[in-house]
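Peer 1: Contents of coords.txt (compact mmCIF, C-alpha atoms):
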# COMPACT_ATOMS: atom_id res chain seq x y z
CA MET A 83 66.34 -13.24 -43.10
CA ASN A 84 65.53 -16.28 -41.00
CA LYS A 85 66.55 -14.43 -37.82
CA LEU A 86 64.14 -11.63 -38.64
CA ALA A 87 61.17 -13.88 -39.49
CA LEU A 88 60.83 -15.34 -35.99
CA PRO A 89 60.71 -12.00 -34.13
CA LEU A 90 58.33 -10.59 -36.76
CA SER A 91 56.01 -13.57 -36.47
CA ILE A 92 56.04 -13.26 -32.65
CA ILE A 93 55.22 -9.56 -32.91
CA ALA A 94 52.45 -10.33 -35.41
CA LEU A 95 51.06 -13.01 -33.08
CA ILE A 96 51.14 -10.64 -30.10
CA ALA A 97 49.44 -7.95 -32.20
CA ALA A 98 46.76 -10.42 -33.30
CA ILE A 99 46.12 -11.57 -29.72
CA GLY A 100 46.04 -7.95 -28.53
CA THR A 101 43.58 -7.02 -31.28
CA PHE A 102 41.40 -10.00 -30.37
CA PHE A 103 41.27 -9.03 -26.71
CA TYR A 104 40.76 -5.37 -27.56
CA ALA A 105 37.81 -6.33 -29.78
CA GLN A 106 36.42 -8.38 -26.89
CA SER A 107 36.74 -5.47 -24.46
CA SER A 108 34.37 -5.07 -21.54
CA SER A 109 32.46 -2.32 -23.34
CA ASP A 110 31.14 -4.98 -25.72
CA LEU A 111 29.87 -7.13 -22.86
CA VAL A 112 27.55 -5.27 -20.55
CA TYR A 113 24.47 -6.08 -18.51
CA VAL A 114 21.29 -4.61 -17.11
CA ASP A 115 19.48 -5.59 -13.94
CA VAL A 116 16.07 -6.57 -15.28
CA ASN A 117 14.25 -6.14 -11.96
CA GLU A 118 15.77 -2.70 -11.47
CA MET A 119 14.74 -1.75 -15.02
CA LEU A 120 11.16 -2.83 -14.33
CA GLN A 121 11.03 -0.98 -11.02
CA GLY A 122 12.69 2.14 -12.34
CA TYR A 123 10.62 2.44 -15.52
CA LYS A 124 7.87 5.00 -15.00
CA ARG A 125 5.44 3.20 -17.28
CA THR A 126 5.62 0.18 -14.94
CA LYS A 127 4.28 2.32 -12.10
CA ILE A 128 1.48 3.73 -14.28
CA VAL A 129 0.45 0.31 -15.59
CA ARG A 130 0.59 -1.16 -12.07
CA ALA A 131 -1.58 1.66 -10.65
CA GLU A 132 -4.16 1.19 -13.43
CA PHE A 133 -4.23 -2.54 -12.80
CA GLU A 134 -4.57 -2.11 -9.02
CA LYS A 135 -7.49 0.29 -9.54
CA LYS A 136 -9.27 -2.16 -11.84
CA ALA A 137 -8.55 -5.07 -9.49
CA ALA A 138 -9.95 -3.12 -6.53
CA THR A 139 -13.16 -2.36 -8.46
CA MET A 140 -13.63 -6.00 -9.43
CA LYS A 141 -12.90 -7.16 -5.88
CA ALA A 142 -15.45 -4.67 -4.55
CA ASN A 143 -18.04 -6.14 -6.94
CA VAL A 144 -17.33 -9.65 -5.66
CA ASP A 145 -17.38 -8.46 -2.04
CA SER A 146 -20.75 -6.79 -2.66
CA LEU A 147 -22.22 -10.01 -4.03
CA VAL A 148 -20.83 -12.03 -1.11
CA SER A 149 -22.19 -9.49 1.37
CA GLY A 150 -25.64 -9.64 -0.24
CA TRP A 151 -25.61 -13.42 -0.09
CA GLN A 152 -24.55 -13.35 3.58
CA ASN A 153 -27.41 -10.96 4.37
CA GLU A 154 -29.85 -13.31 2.66
CA LEU A 155 -28.42 -16.20 4.66
CA LYS A 156 -28.85 -14.27 7.94
CA ALA A 157 -32.43 -13.40 7.01
CA TYR A 158 -33.07 -17.06 6.18
CA GLU A 159 -31.68 -18.13 9.57
CA LYS A 160 -34.04 -15.70 11.35
CA GLU A 161 -37.14 -16.65 9.33
CA ARG A 162 -36.40 -20.33 9.14
CA SER A 163 -38.55 -21.37 12.07
CA LYS A 164 -41.61 -19.76 10.45
CA MET A 165 -41.19 -21.49 7.08
CA THR A 166 -42.84 -24.64 5.84
CA LYS A 167 -40.76 -27.62 4.83
CA LYS A 168 -41.31 -26.80 1.13
CA GLU A 169 -40.28 -23.13 1.67
CA LEU A 170 -37.17 -24.27 3.57
CA GLU A 171 -36.09 -26.59 0.75
CA LEU A 172 -36.73 -23.93 -1.88
CA LYS A 173 -34.83 -21.23 0.05
CA GLN A 174 -31.89 -23.58 0.75
CA GLU A 175 -31.66 -24.48 -2.92
CA LEU A 176 -31.85 -20.82 -3.90
CA LEU A 177 -29.09 -19.87 -1.44
CA SER A 178 -26.94 -22.79 -2.55
CA ASN A 179 -27.32 -21.87 -6.23
CA LYS A 180 -26.52 -18.25 -5.50
CA GLN A 181 -23.41 -19.25 -3.52
CA GLN A 182 -22.23 -21.40 -6.43
CA GLN A 183 -22.82 -18.57 -8.92
CA ILE A 184 -20.86 -16.15 -6.75
CA GLY A 185 -18.01 -18.70 -6.49
CA ASN A 186 -17.95 -19.14 -10.27
CA TYR A 187 -17.98 -15.37 -10.77
CA GLN A 188 -15.16 -14.98 -8.25
CA GLN A 189 -13.05 -17.55 -10.11
CA ALA A 190 -13.76 -15.84 -13.44
CA VAL A 191 -12.72 -12.47 -11.98
CA GLN A 192 -9.49 -13.94 -10.59
CA LYS A 193 -8.70 -15.54 -13.95
CA GLN A 194 -9.42 -12.30 -15.81
CA LEU A 195 -7.24 -10.30 -13.41
CA ALA A 196 -4.38 -12.77 -13.77
CA GLU A 197 -4.58 -12.54 -17.56
CA GLU A 198 -4.72 -8.75 -17.53
CA ASP A 199 -1.78 -8.56 -15.11
CA LYS A 200 0.25 -10.87 -17.35
CA LYS A 201 -0.67 -8.84 -20.44
CA ALA A 202 0.20 -5.50 -18.79
CA THR A 203 3.50 -6.84 -17.49
CA GLN A 204 4.37 -8.26 -20.90
CA THR A 205 3.68 -4.89 -22.53
CA VAL A 206 6.16 -3.21 -20.17
CA VAL A 207 8.73 -5.99 -20.65
CA ASN A 208 8.40 -5.66 -24.44
CA ASP A 209 9.00 -1.89 -24.16
CA ILE A 210 12.16 -2.50 -22.16
CA ASN A 211 13.42 -5.28 -24.44
CA ASP A 212 12.86 -3.17 -27.57
CA PHE A 213 14.59 -0.20 -25.98
CA VAL A 214 17.61 -2.23 -24.83
CA LYS A 215 17.90 -3.86 -28.26
CA GLU A 216 17.93 -0.49 -30.04
CA TYR A 217 20.36 0.94 -27.48
CA GLY A 218 22.70 -2.01 -27.99
CA LYS A 219 22.64 -1.54 -31.76
CA LYS A 220 23.32 2.21 -31.49
CA LYS A 221 26.21 1.71 -29.08
CA ASN A 222 27.63 -1.31 -30.96
CA HIS A 223 27.46 -3.66 -27.97
CA LYS A 224 28.01 -7.27 -28.89
CA ILE A 225 25.96 -8.60 -25.97
CA ILE A 226 23.80 -7.04 -23.28
CA PHE A 227 23.11 -9.59 -20.57
CA GLY A 228 19.95 -9.42 -18.49
CA ALA A 229 20.61 -10.13 -14.83
CA VAL A 230 17.63 -11.18 -12.75
CA GLY A 231 19.36 -12.14 -9.54
CA ASN A 232 19.23 -15.90 -10.05
CA GLY A 233 22.69 -16.58 -11.39
CA ASN A 234 22.68 -15.24 -14.95
CA VAL A 235 25.44 -12.77 -14.09
CA MET A 236 27.35 -13.93 -11.05
CA TYR A 237 29.81 -11.04 -11.10
CA ALA A 238 30.30 -7.97 -13.22
CA ASP A 239 32.31 -4.82 -12.83
CA GLU A 240 30.01 -1.89 -12.06
CA ALA A 241 31.34 -0.14 -15.17
CA THR A 242 29.54 -2.78 -17.24
CA ASN A 243 26.18 -2.13 -15.54
CA LEU A 244 24.04 -0.08 -17.92
CA THR A 245 20.92 -0.21 -15.74
CA PRO A 246 20.93 3.31 -14.24
CA LYS A 247 21.75 4.89 -17.59
CA LEU A 248 19.13 2.86 -19.47
CA VAL A 249 16.41 3.49 -16.88
CA LYS A 250 17.04 7.22 -17.24
CA LEU A 251 16.99 7.09 -21.06
CA LEU A 252 13.95 4.79 -21.14
CA ASN A 253 11.99 7.14 -18.88
CA GLU A 254 13.00 10.13 -20.98
CA GLU A 255 11.78 8.36 -24.12
CA PHE A 256 8.52 7.34 -22.38
CA GLU A 257 7.83 10.84 -21.09
CA GLY A 258 8.65 12.35 -24.47
CA GLY A 259 6.29 9.95 -26.23
CA LYS A 260 3.31 10.36 -23.90
Let's see the structure in the file written out as structure tokens.

Peer 2:
Amino acid sequence: MNKLALPLSIIALIAAIGTFFYAQSSSDLVYVDVNEMLQGYKRTKIVRAEFEKKAATMKANVDSLVSGWQNELKAYEKERSKMTKKELELKQELLSNKQQQIGNYQQAVQKQLAEEDKKATQTVVNDINDFVKEYGKKKNHKIIFGAVGNGNVMYADEATNLTPKLVKLLNEEFEGGK
């Protein structure tokens, strides 16, 4: 009986180790390239185009104000020699105040655009994160790593890269839900 116990325990140990490694198979550990997901997701392109359109409109408004101020400045330079000292001081103060207002408006526009860009990007990122989370649950993945090209995943077999498949499925879901 003693002779049989040792080989049986070795076989049991080998079976346990094999089961452990089988349970930790590469299909449980997969990754997606986050940048590729963002670039490949059709909603990203739509959100980016909407943002660029809004940014161009706001920039055109600022440019229009700056152009108007520059025209006033040129007119002031031409008429300056004909003005009294009091008119000169008043016009200089007016131009200075207008320049400051335009600068403040320009800063406010830049801040607003930065906030809207951050908000739009976060919306897209949330879509992707929610989708990947649900996909991982459905496919019983233990972990889905997000690679962003800065060392999170230094090497991975291409078979563990879900990015192309997930981009396709994400776009199909987006287009179906439009």

Peer 1: Give me the residues near region 195-203 of chain A as a PyMOL selection string, where near means some atom within 10 Å (using only C-alpha atoms) and where sequence neighbours in that chain fewer than 4 positions away do not count.

Peer 2: chain A and resi 120+126+129-130+132-134+136-137+140-141+189-191+207-209

Peer 1: Write to file, as a compact mmCIF listing (two decimals), keeping the file's coordinate frame, the residues of the selection just made, with C-alpha atoms.

Peer 2:
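Output contents, as saved in again19.txt:
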# COMPACT_ATOMS: atom_id res chain seq x y z
CA LEU A 120 11.16 -2.83 -14.33
CA THR A 126 5.62 0.18 -14.94
CA VAL A 129 0.45 0.31 -15.59
CA ARG A 130 0.59 -1.16 -12.07
CA GLU A 132 -4.16 1.19 -13.43
CA PHE A 133 -4.23 -2.54 -12.80
CA GLU A 134 -4.57 -2.11 -9.02
CA LYS A 136 -9.27 -2.16 -11.84
CA ALA A 137 -8.55 -5.07 -9.49
CA MET A 140 -13.63 -6.00 -9.43
CA LYS A 141 -12.90 -7.16 -5.88
CA GLN A 189 -13.05 -17.55 -10.11
CA ALA A 190 -13.76 -15.84 -13.44
CA VAL A 191 -12.72 -12.47 -11.98
CA VAL A 207 8.73 -5.99 -20.65
CA ASN A 208 8.40 -5.66 -24.44
CA ASP A 209 9.00 -1.89 -24.16

Peer 1: Would you mind reading off the distance between CA of Phe213 (chain A) and CA of Leu252 (chain A), one decimal, in Å?

Peer 2: 7.0 Å

Peer 1: For Asn186 (chain A), which of A:Val214, A:Val249, A:Thr242, A:Val144 is the closest residue, counting all atoms listed in the file?

Peer 2: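 Using all atoms listed in the file, the shortest distance to Asn186 (chain A) belongs to A:Val144.
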
Peer 1: What is the distance between CA of Asn179 (chain A) and CA of Glu159 (chain A), in Å to one decimal?

Peer 2: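 Computing the Euclidean distance for CA of Asn179 (chain A) and CA of Glu159 (chain A) yields 16.8 Å.
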
Peer 1: What's around Leu155 (chain A) at 12 Å? Count all atoms listed in the file, leave out sequence neighbours fewer than 2 positions away in its own chain, and write the answer as a VMD selection string.

Peer 2: chain A and resid 148 to 153 157 to 162 170 173 to 178 180 to 181

Peer 1: Export, as a tab-separated table (two decimals), in the coordinates of the input, the selected residues with C-alpha atoms.

Peer 2:
chain	number	residue	atom	x	y	z
A	148	VAL	CA	-20.83	-12.03	-1.11
A	149	SER	CA	-22.19	-9.49	1.37
A	150	GLY	CA	-25.64	-9.64	-0.24
A	151	TRP	CA	-25.61	-13.42	-0.09
A	152	GLN	CA	-24.55	-13.35	3.58
A	153	ASN	CA	-27.41	-10.96	4.37
A	157	ALA	CA	-32.43	-13.40	7.01
A	158	TYR	CA	-33.07	-17.06	6.18
A	159	GLU	CA	-31.68	-18.13	9.57
A	160	LYS	CA	-34.04	-15.70	11.35
A	161	GLU	CA	-37.14	-16.65	9.33
A	162	ARG	CA	-36.40	-20.33	9.14
A	170	LEU	CA	-37.17	-24.27	3.57
A	173	LYS	CA	-34.83	-21.23	0.05
A	174	GLN	CA	-31.89	-23.58	0.75
A	175	GLU	CA	-31.66	-24.48	-2.92
A	176	LEU	CA	-31.85	-20.82	-3.90
A	177	LEU	CA	-29.09	-19.87	-1.44
A	178	SER	CA	-26.94	-22.79	-2.55
A	180	LYS	CA	-26.52	-18.25	-5.50
A	181	GLN	CA	-23.41	-19.25	-3.52

Peer 1: Separation of CA of Met165 (chain A) and CA of Asp145 (chain A), in Å?

Peer 2: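 Taking CA of Met165 (chain A) as the start and CA of Asp145 (chain A) as the end point, the length is 28.6 Å.
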
Peer 1: Between A:Ala131, A:Leu147, A:Val114, A:Ala138, which residue has the minimum interatomic distance to Lys215 (chain A), considering all atoms listed in the file?

Peer 2: A:Val114

Peer 1: Excluding Gly218 (chain A) and any residue of its chain fewer than 2 positions from it, enumerate the residues within 12 Å of it, using only C-alpha atoms, and give them as an MDAnalysis selection string.

Peer 2: chainID A and resid 109:114 211:216 220:227 244 248

Peer 1: Quick one: residues within 10 Å of Glu257 (chain A), all atoms listed in the file, excluding same-chain residues fewer than 5 positions away - as a list in words?

Peer 2: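 Everything that qualifies: Lys124, Arg125, Leu251 and Leu252 of chain A.
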